[in-house]
>>> print(open('my_file-v3.pdb').read())   # PDB, C-alpha atoms
ATOM      1  CA  MET X 191     -28.180  97.057 -47.174
ATOM      2  CA  ASN X 192     -27.939  99.608 -44.354
ATOM      3  CA  LYS X 193     -25.867  99.401 -41.189
ATOM      4  CA  THR X 194     -28.546  97.661 -39.093
ATOM      5  CA  GLU X 195     -29.166  95.014 -41.732
ATOM      6  CA  TYR X 196     -25.452  94.463 -42.138
ATOM      7  CA  PHE X 197     -24.985  93.923 -38.412
ATOM      8  CA  LYS X 198     -27.936  91.583 -38.225
ATOM      9  CA  LYS X 199     -26.493  89.380 -40.956
ATOM     10  CA  LEU X 200     -23.012  89.516 -39.482
ATOM     11  CA  THR X 201     -24.080  88.611 -35.935
ATOM     12  CA  ASP X 202     -26.358  85.843 -37.235
ATOM     13  CA  GLU X 203     -23.382  84.267 -38.944
ATOM     14  CA  LEU X 204     -21.006  84.754 -36.026
ATOM     15  CA  GLY X 205     -23.600  82.841 -33.980
ATOM     16  CA  HIS X 206     -21.667  80.546 -31.699
ATOM     17  CA  MET X 207     -18.539  82.586 -31.188
ATOM     18  CA  PRO X 208     -17.917  83.666 -27.571
ATOM     19  CA  TYR X 209     -19.884  86.766 -26.613
ATOM     20  CA  GLY X 210     -16.749  88.819 -25.910
ATOM     21  CA  ASP X 211     -15.362  88.091 -29.360
ATOM     22  CA  VAL X 212     -18.618  88.985 -31.105
ATOM     23  CA  LYS X 213     -18.812  92.215 -29.132
ATOM     24  CA  ASP X 214     -15.249  93.063 -30.107
ATOM     25  CA  ILE X 215     -15.901  92.348 -33.777
ATOM     26  CA  ILE X 216     -19.111  94.381 -33.823
ATOM     27  CA  GLN X 217     -17.255  97.263 -32.190
ATOM     28  CA  SER X 218     -14.566  97.371 -34.840
ATOM     29  CA  ILE X 219     -17.077  97.166 -37.701
ATOM     30  CA  GLU X 220     -19.190  99.835 -36.028
ATOM     31  CA  GLU X 221     -16.118 102.035 -35.843
ATOM     32  CA  HIS X 222     -15.641 101.428 -39.558
ATOM     33  CA  PHE X 223     -19.193 102.596 -40.296
ATOM     34  CA  ASP X 224     -18.774 105.676 -38.094
ATOM     35  CA  GLU X 225     -15.543 106.655 -39.840
ATOM     36  CA  GLY X 226     -17.155 106.235 -43.256
ATOM     37  CA  ILE X 227     -20.215 108.241 -42.280
ATOM     38  CA  ASN X 228     -17.898 110.974 -40.964
ATOM     39  CA  GLU X 229     -16.341 111.043 -44.427
ATOM     40  CA  GLY X 230     -19.793 111.612 -45.886
ATOM     41  CA  ARG X 231     -20.349 108.142 -47.283
ATOM     42  CA  SER X 232     -23.733 106.470 -47.066
ATOM     43  CA  GLU X 233     -24.377 103.386 -44.946
ATOM     44  CA  GLU X 234     -25.220 101.392 -48.079
ATOM     45  CA  GLU X 235     -22.000 102.425 -49.724
ATOM     46  CA  ILE X 236     -19.928 101.410 -46.711
ATOM     47  CA  ALA X 237     -21.766  98.096 -46.345
ATOM     48  CA  GLU X 238     -21.143  97.403 -50.025
ATOM     49  CA  SER X 239     -17.411  98.045 -49.771
ATOM     50  CA  LEU X 240     -17.093  96.016 -46.567
ATOM     51  CA  GLY X 241     -18.083  92.949 -48.517
ATOM     52  CA  ASP X 242     -20.568  90.144 -47.930
ATOM     53  CA  PRO X 243     -21.253  89.888 -44.159
ATOM     54  CA  LYS X 244     -21.478  86.103 -44.479
ATOM     55  CA  GLU X 245     -17.986  85.887 -45.977
ATOM     56  CA  LEU X 246     -16.661  88.308 -43.408
ATOM     57  CA  ALA X 247     -18.108  86.192 -40.592
ATOM     58  CA  VAL X 248     -16.463  83.098 -42.059
ATOM     59  CA  GLU X 249     -13.111  84.896 -42.128
ATOM     60  CA  PHE X 250     -13.536  85.893 -38.492
ATOM     61  CA  LYS X 251     -14.382  82.328 -37.580
ATOM     62  CA  ASP X 252     -11.394  80.964 -39.498
ATOM     63  CA  GLY X 253      -9.150  83.356 -37.600
ATOM     64  CA  ALA X 254     -10.596  82.128 -34.305
ATOM     65  CA  LYS X 255      -9.969  78.527 -35.354
ATOM     66  CA  PHE X 256      -6.361  79.406 -36.065
ATOM     67  CA  LYS X 257      -6.122  80.925 -32.606
ATOM     68  CA  GLN X 258      -7.356  77.699 -31.041
ATOM     69  CA  ILE X 259      -4.898  75.617 -33.016
ATOM     70  CA  MET X 260      -2.058  77.865 -31.884
ATOM     71  CA  LYS X 261      -3.250  77.567 -28.300
ATOM     72  CA  LYS X 262      -3.318  73.786 -28.550
ATOM     73  CA  ARG X 263       0.124  73.695 -30.067
ATOM     74  CA  LYS X 264       1.438  75.964 -27.334
ATOM     75  CA  MET X 265      -0.069  73.664 -24.733
ATOM     76  CA  SER X 266       1.550  70.602 -26.225
ATOM     77  CA  ASP X 267       4.832  72.508 -26.396
ATOM     78  CA  ASN X 268       4.509  73.278 -22.707
ATOM     79  CA  PHE X 269       3.737  69.657 -21.988
ATOM     80  CA  LYS X 270       6.806  68.551 -23.908
ATOM     81  CA  GLY X 271       9.032  70.789 -21.876
ATOM     82  CA  PRO X 272      12.710  71.251 -22.649
ATOM     83  CA  ASP X 273      13.788  69.235 -19.575
ATOM     84  CA  GLY X 274      12.218  65.949 -20.685
ATOM     85  CA  ARG X 275      10.748  65.284 -17.258
ATOM     86  CA  GLY X 276       8.450  62.674 -18.775
ATOM     87  CA  ARG X 277      11.418  60.573 -19.825
ATOM     88  CA  ILE X 278      13.124  60.806 -16.441
ATOM     89  CA  PHE X 279       9.856  59.725 -14.883
ATOM     90  CA  VAL X 280       9.724  56.694 -17.173
ATOM     91  CA  ILE X 281      13.258  55.696 -16.210
ATOM     92  CA  VAL X 282      12.677  56.083 -12.457
ATOM     93  CA  PHE X 283       9.304  54.381 -12.649
ATOM     94  CA  ASN X 284      10.727  51.475 -14.592
ATOM     95  CA  ALA X 285      13.476  51.036 -12.012
ATOM     96  CA  PHE X 286      10.706  50.385  -9.475
ATOM     97  CA  VAL X 287       8.813  48.108 -11.798
ATOM     98  CA  GLY X 288      12.131  46.406 -12.393
ATOM     99  CA  ILE X 289      12.342  45.502  -8.694
ATOM    100  CA  GLU X 290       9.377  43.209  -9.177
ATOM    101  CA  CYS X 291      11.158  41.638 -12.068
ATOM    102  CA  TRP X 292      14.236  41.069  -9.903
ATOM    103  CA  LEU X 293      12.091  39.575  -7.161
ATOM    104  CA  LEU X 294      10.672  37.067  -9.607
ATOM    105  CA  LEU X 295      14.175  36.163 -10.728
ATOM    106  CA  LEU X 296      15.285  35.792  -7.092
ATOM    107  CA  ALA X 297      12.333  33.505  -6.365
ATOM    108  CA  ALA X 298      13.258  31.391  -9.374
ATOM    109  CA  ILE X 299      16.858  31.099  -8.171
ATOM    110  CA  ILE X 300      15.810  30.132  -4.633
ATOM    111  CA  ALA X 301      13.381  27.555  -6.011
ATOM    112  CA  ALA X 302      16.110  26.079  -8.165
ATOM    113  CA  PHE X 303      18.418  25.936  -5.128
ATOM    114  CA  CYS X 304      15.754  24.179  -3.087
ATOM    115  CA  PHE X 305      15.261  21.554  -5.765
ATOM    116  CA  LEU X 306      18.981  21.081  -6.080
ATOM    117  CA  ALA X 307      19.436  20.794  -2.307
ATOM    118  CA  ALA X 308      16.520  18.373  -2.079
ATOM    119  CA  ASP X 309      18.036  16.252  -4.840
ATOM    120  CA  CYS X 310      21.449  16.250  -3.196
ATOM    121  CA  ALA X 311      19.937  15.353   0.163
ATOM    122  CA  PHE X 312      17.905  12.580  -1.444
ATOM    123  CA  ILE X 313      20.929  11.126  -3.200
ATOM    124  CA  GLY X 314      22.910  11.482   0.035
ATOM    125  CA  LEU X 315      20.180   9.639   1.880
ATOM    126  CA  ILE X 316      20.167   6.768  -0.618
ATOM    127  CA  VAL X 317      23.925   6.537  -0.568
ATOM    128  CA  ALA X 318      23.932   6.565   3.238
ATOM    129  CA  GLY X 319      21.217   3.898   3.249
ATOM    130  CA  LEU X 320      23.186   1.733   0.823
ATOM    131  CA  ILE X 321      26.366   2.047   2.884
ATOM    132  CA  THR X 322      24.820   1.399   6.300
ATOM    133  CA  GLY X 323      22.155  -0.939   4.965
ATOM    134  CA  THR X 324      19.571   0.397   7.391
ATOM    135  CA  LEU X 325      17.683   3.601   8.088
ATOM    136  CA  THR X 326      19.443   5.127  11.033
ATOM    137  CA  GLU X 327      17.897   7.642  13.408
ATOM    138  CA  PHE X 328      19.497  10.688  11.917
ATOM    139  CA  MET X 329      17.912   9.939   8.560
ATOM    140  CA  LEU X 330      14.389  10.842   9.722
ATOM    141  CA  PRO X 331      14.960  14.588  10.095
ATOM    142  CA  PHE X 332      16.863  14.352   6.841
ATOM    143  CA  ILE X 333      13.731  13.146   5.072
ATOM    144  CA  PHE X 334      11.783  15.981   6.645
ATOM    145  CA  LEU X 335      14.381  18.430   5.377
ATOM    146  CA  ILE X 336      14.008  17.061   1.863
ATOM    147  CA  LEU X 337      10.233  17.308   2.016
ATOM    148  CA  THR X 338      10.428  20.877   3.323
ATOM    149  CA  LEU X 339      12.822  21.884   0.576
ATOM    150  CA  VAL X 340      10.579  20.372  -2.105
ATOM    151  CA  CYS X 341       7.524  22.080  -0.619
ATOM    152  CA  VAL X 342       9.245  25.458  -0.548
ATOM    153  CA  ALA X 343      10.420  24.972  -4.121
ATOM    154  CA  VAL X 344       6.949  24.001  -5.350
ATOM    155  CA  PHE X 345       5.424  26.951  -3.516
ATOM    156  CA  LEU X 346       7.927  29.347  -5.099
ATOM    157  CA  VAL X 347       7.362  27.895  -8.559
ATOM    158  CA  ALA X 348       3.608  28.316  -8.158
ATOM    159  CA  LEU X 349       4.176  31.901  -7.040
ATOM    160  CA  LEU X 350       6.487  32.411  -9.981
ATOM    161  CA  ILE X 351       3.963  31.131 -12.521
ATOM    162  CA  LEU X 352       1.274  33.344 -11.034
ATOM    163  CA  GLY X 353       3.614  36.333 -11.021
ATOM    164  CA  ILE X 354       4.714  35.853 -14.606
ATOM    165  CA  LYS X 355       1.124  35.404 -15.721
ATOM    166  CA  TYR X 356       0.006  38.727 -14.276
ATOM    167  CA  TYR X 357       3.224  40.392 -15.278
ATOM    168  CA  ALA X 358       2.704  39.373 -18.893
ATOM    169  CA  LYS X 359      -0.915  40.463 -18.753
ATOM    170  CA  GLY X 360      -0.024  43.983 -17.679
ATOM    171  CA  LEU X 361       3.145  44.213 -19.712
ATOM    172  CA  LYS X 362       1.539  44.862 -23.082
ATOM    173  CA  SER X 363      -0.537  47.841 -22.015
ATOM    174  CA  TYR X 364       2.267  48.934 -19.743
ATOM    175  CA  ILE X 365       4.726  49.092 -22.634
ATOM    176  CA  ARG X 366       2.196  51.059 -24.649
ATOM    177  CA  TRP X 367       1.814  53.514 -21.800
ATOM    178  CA  ASN X 368       5.585  53.854 -21.510
ATOM    179  CA  LYS X 369       5.916  54.602 -25.214
ATOM    180  CA  ASN X 370       3.239  57.211 -24.904
ATOM    181  CA  VAL X 371       4.967  59.043 -22.062
ATOM    182  CA  TRP X 372       8.338  58.636 -23.720
ATOM    183  CA  ASN X 373       6.982  60.321 -26.835
ATOM    184  CA  TYR X 374       5.564  63.185 -24.795
ATOM    185  CA  GLY X 375       2.020  61.876 -25.076
ATOM    186  CA  LEU X 376       2.001  62.383 -28.836
ATOM    187  CA  GLY X 377       1.075  58.833 -29.775
ATOM    188  CA  GLU X 378       3.295  55.851 -30.308
ATOM    189  CA  ASP X 379       5.178  57.082 -33.350
TER
ATOM    190  CA  MET W  66      -7.745  86.910 -58.086
ATOM    191  CA  ASN W  67      -7.994  83.530 -56.367
ATOM    192  CA  SER W  68      -8.849  84.268 -52.742
ATOM    193  CA  GLN W  69      -6.872  81.287 -51.454
ATOM    194  CA  ILE W  70      -3.679  82.698 -52.903
ATOM    195  CA  LYS W  71      -4.431  86.115 -51.505
ATOM    196  CA  LYS W  72      -5.404  84.932 -48.057
ATOM    197  CA  GLY W  73      -1.993  83.756 -47.001
ATOM    198  CA  ILE W  74      -0.118  86.858 -47.954
ATOM    199  CA  LEU W  75      -2.538  89.544 -46.752
ATOM    200  CA  ASP W  76      -1.369  89.065 -43.149
ATOM    201  CA  LEU W  77       2.060  90.127 -44.268
ATOM    202  CA  CYS W  78       0.633  93.099 -46.182
ATOM    203  CA  VAL W  79      -1.112  94.348 -43.055
ATOM    204  CA  LEU W  80       2.108  93.995 -41.071
ATOM    205  CA  ALA W  81       3.918  95.958 -43.762
ATOM    206  CA  LEU W  82       1.319  98.739 -43.615
ATOM    207  CA  LEU W  83       1.783  98.929 -39.846
ATOM    208  CA  GLU W  84       5.541  99.139 -40.247
ATOM    209  CA  LYS W  85       5.069 102.700 -41.492
ATOM    210  CA  GLY W  86       3.387 103.607 -38.223
ATOM    211  CA  ASP W  87       0.420 102.837 -35.987
ATOM    212  CA  SER W  88      -2.926 103.005 -37.673
ATOM    213  CA  TYR W  89      -6.629 102.310 -37.136
ATOM    214  CA  GLY W  90      -8.998  99.886 -38.843
ATOM    215  CA  TYR W  91     -10.717 102.189 -41.310
ATOM    216  CA  ASP W  92      -7.438 103.655 -42.485
ATOM    217  CA  LEU W  93      -5.813 100.227 -42.870
ATOM    218  CA  ALA W  94      -8.873  98.887 -44.695
ATOM    219  CA  GLY W  95      -8.654 101.777 -47.152
ATOM    220  CA  SER W  96      -4.895 101.438 -47.636
ATOM    221  CA  LEU W  97      -5.193  97.732 -48.321
ATOM    222  CA  ALA W  98      -8.276  97.910 -50.547
ATOM    223  CA  ARG W  99      -6.713 100.685 -52.627
ATOM    224  CA  LYS W 100      -3.704  98.526 -53.486
ATOM    225  CA  VAL W 101      -5.165  95.020 -53.576
ATOM    226  CA  GLU W 102      -8.541  93.938 -54.835
ATOM    227  CA  VAL W 103     -10.135  92.966 -51.534
ATOM    228  CA  ALA W 104     -13.258  94.003 -49.632
ATOM    229  CA  ASP W 105     -12.761  96.651 -46.958
ATOM    230  CA  GLY W 106     -13.903  94.193 -44.305
ATOM    231  CA  THR W 107     -11.066  91.740 -45.026
ATOM    232  CA  VAL W 108      -8.627  93.641 -42.864
ATOM    233  CA  TYR W 109     -10.602  93.149 -39.638
ATOM    234  CA  PRO W 110     -10.363  89.363 -39.301
ATOM    235  CA  ILE W 111      -6.678  89.653 -40.170
ATOM    236  CA  LEU W 112      -6.115  92.287 -37.488
ATOM    237  CA  ARG W 113      -7.863  90.109 -34.913
ATOM    238  CA  LYS W 114      -5.748  87.139 -35.836
ATOM    239  CA  LEU W 115      -2.522  89.147 -35.756
ATOM    240  CA  ALA W 116      -3.471  90.563 -32.346
ATOM    241  CA  SER W 117      -4.116  87.070 -30.978
ATOM    242  CA  GLU W 118      -0.733  85.970 -32.286
ATOM    243  CA  GLY W 119       0.862  88.883 -30.480
ATOM    244  CA  VAL W 120       2.448  90.400 -33.574
ATOM    245  CA  VAL W 121       0.311  93.524 -33.231
ATOM    246  CA  SER W 122      -0.971  95.259 -30.111
ATOM    247  CA  THR W 123      -3.961  97.580 -29.801
ATOM    248  CA  TYR W 124      -4.816 100.754 -27.917
ATOM    249  CA  LEU W 125      -7.635 103.276 -27.977
ATOM    250  CA  GLN W 126      -7.045 106.878 -28.907
ATOM    251  CA  GLU W 127      -9.467 109.792 -29.060
ATOM    252  CA  SER W 128     -10.130 111.243 -32.491
ATOM    253  CA  GLN W 129     -10.965 114.912 -33.162
ATOM    254  CA  ASN W 130     -14.407 114.155 -34.501
ATOM    255  CA  GLY W 131     -16.265 111.037 -33.552
ATOM    256  CA  PRO W 132     -15.650 108.083 -31.232
ATOM    257  CA  PRO W 133     -12.212 106.869 -30.076
ATOM    258  CA  ARG W 134     -10.271 104.851 -32.603
ATOM    259  CA  LYS W 135      -8.730 101.482 -32.002
ATOM    260  CA  TYR W 136      -5.117 101.797 -33.093
ATOM    261  CA  TYR W 137      -2.912  98.910 -34.083
ATOM    262  CA  HIS W 138       0.796  98.814 -33.330
ATOM    263  CA  LEU W 139       3.442  96.492 -34.749
ATOM    264  CA  THR W 140       5.205  94.686 -31.878
ATOM    265  CA  ASP W 141       8.825  93.553 -31.932
ATOM    266  CA  ALA W 142       7.631  90.023 -32.634
ATOM    267  CA  GLY W 143       5.614  91.409 -35.538
ATOM    268  CA  ARG W 144       8.625  93.262 -36.895
ATOM    269  CA  ASN W 145      10.701  90.088 -36.791
ATOM    270  CA  LYS W 146       7.959  88.121 -38.501
ATOM    271  CA  LEU W 147       7.582  90.780 -41.167
ATOM    272  CA  ASN W 148      11.279  90.936 -41.939
ATOM    273  CA  ALA W 149      11.665  87.192 -42.132
ATOM    274  CA  GLU W 150       8.565  86.534 -44.211
ATOM    275  CA  ARG W 151       9.001  89.524 -46.494
ATOM    276  CA  ASP W 152      12.357  88.222 -47.701
ATOM    277  CA  GLU W 153      10.909  84.769 -48.161
ATOM    278  CA  TRP W 154       7.979  86.150 -50.150
ATOM    279  CA  ILE W 155      10.091  88.334 -52.403
ATOM    280  CA  LYS W 156      12.392  85.424 -53.157
ATOM    281  CA  PHE W 157       9.438  83.140 -53.787
ATOM    282  CA  CYS W 158       7.778  85.716 -56.061
ATOM    283  CA  GLY W 159      10.932  86.007 -58.120
ATOM    284  CA  GLU W 160      11.060  82.275 -58.604
ATOM    285  CA  VAL W 161       7.378  82.009 -59.472
ATOM    286  CA  ASN W 162       7.564  84.930 -61.885
ATOM    287  CA  GLU W 163      10.448  83.330 -63.652
ATOM    288  CA  ILE W 164       8.476  80.136 -64.136
ATOM    289  CA  LEU W 165       5.305  81.916 -65.177
ATOM    290  CA  SER W 166       6.708  84.621 -67.424
ATOM    291  CA  LYS W 167       6.083  84.134 -71.145
ATOM    292  CA  GLU W 168       9.613  85.023 -72.205
ATOM    293  CA  THR W 169      11.401  82.278 -70.346
ATOM    294  CA  GLY W 170       8.383  79.966 -70.397
ATOM    295  CA  GLY W 171       9.542  77.923 -67.448
ATOM    296  CA  LYS W 172      13.024  77.389 -68.862
ATOM    297  CA  ALA W 173      14.711  79.511 -66.252
ATOM    298  CA  ASP W 174      17.246  76.844 -65.451
ATOM    299  CA  GLU W 175      18.725  76.728 -68.942
TER
END
>>> encode(input="my_file-v3.pdb", output="structure tokens")
Amino acid sequence: MNKTEYFKKLTDELGHMPYGDVKDIIQSIEEHFDEGINEGRSEEEIAESLGDPKELAVEFKDGAKFKQIMKKRKMSDNFKGPDGRGRIFVIVFNAFVGIECWLLLLAAIIAAFCFLAADCAFIGLIVAGLITGTLTEFMLPFIFLILTLVCVAVFLVALLILGIKYYAKGLKSYIRWNKNVWNYGLGED
Amino acid sequence: MNSQIKKGILDLCVLALLEKGDSYGYDLAGSLARKVEVADGTVYPILRKLASEGVVSTYLQESQNGPPRKYYHLTDAGRNKLNAERDEWIKFCGEVNEILSKETGGKADE
């Protein structure tokens, strides 16, 4: 095998490597041939000692793969960062998400208060009715107050149920997303 | 010799050759192939890989006869890597030899 044949086989095998890399590789092997020829060796002799061009191409490709792996690892290292910004983000973000949670709790408390107030007012009304024996004038707005309180409470409960439903729906994927960021985007483990 | 076993350690051999001074591909190929049973071409993929890792750097230098040569230089990072891994390898070799040698026959611990 002479120099031209050797290069043909080598470049065929290098095939889908980036052009710049192939050019670089060819240059260094060409330099090798030139040095050998300068020493008085024949092209065939040099090609023989260089080894099978197919195997050589595979070794070059393996080296390039290694380079890519290192690049990837470097990138993930950069993403990780020593400052753990991802984790701070999760904490701050969750504080905001937490506000919604607090709002739901607040709504529940107000609803409970409304029910309680309505109950008290209702009992008060009955007691007042029993004592006086008749429905006096002031009792009418009282009944309206009770109805309003019950309405507000029912409205809040409905809102609460709706809120919890959607909250629960999003929570599962949300927790998964949190885990992911917490673990620097390297899966859930 | 099994090429898988050789593969891992040849990087270190090339670094060690460069420790003695900067050199070019053909010279390194010869130095390596004279000592270890490998094809002359083997050194080139290794040099590329080492360069991409940043443990060796390259520069072109004119030669008296013929085209300019691409010289390889061991960087500080390369020197650190060499020193660390050389000690590891020598220690490992000692342990393996002790296990493999016929005299002790794997009874090195006794």
>>> interface_residues(input="my_file-v3.pdb", of="chain W", to="chain X", cutoff="12 Å", atoms="all atoms listed in the file", output="short mmCIF file (atom, residue, chain, number, x, y, z; two decimals) with C-alpha atoms, in the coordinates of the input")
data_model
loop_
_atom_site.label_atom_id
_atom_site.label_comp_id
_atom_site.auth_asym_id
_atom_site.auth_seq_id
_atom_site.Cartn_x
_atom_site.Cartn_y
_atom_site.Cartn_z
CA SER W 68 -8.85 84.27 -52.74
CA GLN W 69 -6.87 81.29 -51.45
CA LYS W 72 -5.40 84.93 -48.06
CA GLY W 73 -1.99 83.76 -47.00
CA ASP W 76 -1.37 89.06 -43.15
CA TYR W 89 -6.63 102.31 -37.14
CA GLY W 90 -9.00 99.89 -38.84
CA TYR W 91 -10.72 102.19 -41.31
CA ASP W 92 -7.44 103.66 -42.48
CA LEU W 93 -5.81 100.23 -42.87
CA ALA W 94 -8.87 98.89 -44.70
CA GLY W 95 -8.65 101.78 -47.15
CA ALA W 98 -8.28 97.91 -50.55
CA ARG W 99 -6.71 100.68 -52.63
CA GLU W 102 -8.54 93.94 -54.84
CA VAL W 103 -10.14 92.97 -51.53
CA ALA W 104 -13.26 94.00 -49.63
CA ASP W 105 -12.76 96.65 -46.96
CA GLY W 106 -13.90 94.19 -44.30
CA THR W 107 -11.07 91.74 -45.03
CA VAL W 108 -8.63 93.64 -42.86
CA TYR W 109 -10.60 93.15 -39.64
CA PRO W 110 -10.36 89.36 -39.30
CA ILE W 111 -6.68 89.65 -40.17
CA LEU W 112 -6.12 92.29 -37.49
CA ARG W 113 -7.86 90.11 -34.91
CA LYS W 114 -5.75 87.14 -35.84
CA LEU W 115 -2.52 89.15 -35.76
CA ALA W 116 -3.47 90.56 -32.35
CA SER W 117 -4.12 87.07 -30.98
CA GLU W 118 -0.73 85.97 -32.29
CA GLY W 119 0.86 88.88 -30.48
CA THR W 123 -3.96 97.58 -29.80
CA LEU W 125 -7.64 103.28 -27.98
CA SER W 128 -10.13 111.24 -32.49
CA GLN W 129 -10.96 114.91 -33.16
CA ASN W 130 -14.41 114.16 -34.50
CA GLY W 131 -16.26 111.04 -33.55
CA PRO W 132 -15.65 108.08 -31.23
CA PRO W 133 -12.21 106.87 -30.08
CA ARG W 134 -10.27 104.85 -32.60
CA LYS W 135 -8.73 101.48 -32.00
CA TYR W 136 -5.12 101.80 -33.09
CA TYR W 137 -2.91 98.91 -34.08
#
>>> atom_distance(input="my_file-v3.pdb", atom1="atom CA of Val121 of chain W", atom2="atom CA of Asp87 of chain W")
9.7 Å
>>> resolve_selection(input="my_file-v3.pdb", expression="the PyMOL selection byres ((chain W and resi 83) around 9)", output="PyMOL selection string")
chain W and resi 78-82+84-88+93+121+137-139
>>> closest_residue(input="my_file-v3.pdb", among="X:Leu293, X:Glu234, X:Ile299, X:Gly210", to="Ile354 of chain X", atoms="all atoms listed in the file")
X:Leu293
>>> atom_distance(input="my_file-v3.pdb", atom1="atom CA of Phe286 of chain X", atom2="atom CA of Cys341 of chain X")
29.8 Å
>>> atom_distance(input="my_file-v3.pdb", atom1="atom CA of Leu315 of chain X", atom2="atom CA of Ala348 of chain X")
26.9 Å
>>> build_atoms(input="my_file-v3.pdb", residues="segment 85-105 of chain W", atoms="N, CA and C atoms", output="PDB file, in the coordinates of the input")
ATOM      1  N   LYS W  85       4.924 101.256 -41.250  1.00  0.00           N
ATOM      2  CA  LYS W  85       5.069 102.700 -41.492  1.00  0.00           C
ATOM      3  C   LYS W  85       4.575 103.526 -40.318  1.00  0.00           C
ATOM      4  N   GLY W  86       3.885 102.896 -39.391  1.00  0.00           N
ATOM      5  CA  GLY W  86       3.387 103.607 -38.223  1.00  0.00           C
ATOM      6  C   GLY W  86       2.064 103.036 -37.769  1.00  0.00           C
ATOM      7  N   ASP W  87       1.691 103.344 -36.519  1.00  0.00           N
ATOM      8  CA  ASP W  87       0.420 102.837 -35.987  1.00  0.00           C
ATOM      9  C   ASP W  87      -0.734 103.370 -36.814  1.00  0.00           C
ATOM     10  N   SER W  88      -1.780 102.582 -36.887  1.00  0.00           N
ATOM     11  CA  SER W  88      -2.926 103.005 -37.673  1.00  0.00           C
ATOM     12  C   SER W  88      -4.195 102.369 -37.136  1.00  0.00           C
ATOM     13  N   TYR W  89      -5.351 102.861 -37.605  1.00  0.00           N
ATOM     14  CA  TYR W  89      -6.629 102.310 -37.136  1.00  0.00           C
ATOM     15  C   TYR W  89      -7.323 101.572 -38.274  1.00  0.00           C
ATOM     16  N   GLY W  90      -8.338 100.799 -37.912  1.00  0.00           N
ATOM     17  CA  GLY W  90      -8.998  99.886 -38.843  1.00  0.00           C
ATOM     18  C   GLY W  90      -9.435 100.488 -40.163  1.00  0.00           C
ATOM     19  N   TYR W  91     -10.167 101.590 -40.095  1.00  0.00           N
ATOM     20  CA  TYR W  91     -10.717 102.189 -41.310  1.00  0.00           C
ATOM     21  C   TYR W  91      -9.600 102.616 -42.259  1.00  0.00           C
ATOM     22  N   ASP W  92      -8.575 103.190 -41.689  1.00  0.00           N
ATOM     23  CA  ASP W  92      -7.438 103.655 -42.485  1.00  0.00           C
ATOM     24  C   ASP W  92      -6.721 102.473 -43.136  1.00  0.00           C
ATOM     25  N   LEU W  93      -6.492 101.422 -42.352  1.00  0.00           N
ATOM     26  CA  LEU W  93      -5.813 100.227 -42.870  1.00  0.00           C
ATOM     27  C   LEU W  93      -6.653  99.553 -43.953  1.00  0.00           C
ATOM     28  N   ALA W  94      -7.974  99.496 -43.711  1.00  0.00           N
ATOM     29  CA  ALA W  94      -8.873  98.887 -44.695  1.00  0.00           C
ATOM     30  C   ALA W  94      -8.762  99.621 -46.024  1.00  0.00           C
ATOM     31  N   GLY W  95      -8.766 100.967 -45.938  1.00  0.00           N
ATOM     32  CA  GLY W  95      -8.654 101.777 -47.152  1.00  0.00           C
ATOM     33  C   GLY W  95      -7.323 101.566 -47.850  1.00  0.00           C
ATOM     34  N   SER W  96      -6.239 101.588 -47.053  1.00  0.00           N
ATOM     35  CA  SER W  96      -4.895 101.438 -47.636  1.00  0.00           C
ATOM     36  C   SER W  96      -4.774 100.111 -48.373  1.00  0.00           C
ATOM     37  N   LEU W  97      -5.309  99.070 -47.740  1.00  0.00           N
ATOM     38  CA  LEU W  97      -5.193  97.732 -48.321  1.00  0.00           C
ATOM     39  C   LEU W  97      -6.070  97.612 -49.566  1.00  0.00           C
ATOM     40  N   ALA W  98      -7.322  98.058 -49.442  1.00  0.00           N
ATOM     41  CA  ALA W  98      -8.276  97.910 -50.547  1.00  0.00           C
ATOM     42  C   ALA W  98      -7.891  98.764 -51.753  1.00  0.00           C
ATOM     43  N   ARG W  99      -7.159  99.848 -51.510  1.00  0.00           N
ATOM     44  CA  ARG W  99      -6.713 100.685 -52.627  1.00  0.00           C
ATOM     45  C   ARG W  99      -5.665  99.961 -53.464  1.00  0.00           C
ATOM     46  N   LYS W 100      -4.818  99.183 -52.793  1.00  0.00           N
ATOM     47  CA  LYS W 100      -3.704  98.526 -53.486  1.00  0.00           C
ATOM     48  C   LYS W 100      -4.078  97.148 -54.022  1.00  0.00           C
ATOM     49  N   VAL W 101      -4.815  96.394 -53.205  1.00  0.00           N
ATOM     50  CA  VAL W 101      -5.165  95.020 -53.576  1.00  0.00           C
ATOM     51  C   VAL W 101      -6.671  94.940 -53.740  1.00  0.00           C
ATOM     52  N   GLU W 102      -7.111  94.056 -54.623  1.00  0.00           N
ATOM     53  CA  GLU W 102      -8.541  93.938 -54.835  1.00  0.00           C
ATOM     54  C   GLU W 102      -9.162  93.050 -53.753  1.00  0.00           C
ATOM     55  N   VAL W 103      -9.456  93.684 -52.613  1.00  0.00           N
ATOM     56  CA  VAL W 103     -10.135  92.966 -51.534  1.00  0.00           C
ATOM     57  C   VAL W 103     -11.229  93.860 -50.970  1.00  0.00           C
ATOM     58  N   ALA W 104     -12.201  93.231 -50.296  1.00  0.00           N
ATOM     59  CA  ALA W 104     -13.258  94.003 -49.632  1.00  0.00           C
ATOM     60  C   ALA W 104     -12.649  94.732 -48.441  1.00  0.00           C
ATOM     61  N   ASP W 105     -13.265  95.877 -48.097  1.00  0.00           N
ATOM     62  CA  ASP W 105     -12.761  96.651 -46.958  1.00  0.00           C
ATOM     63  C   ASP W 105     -12.761  95.833 -45.673  1.00  0.00           C
TER      64      ASP W 105
END
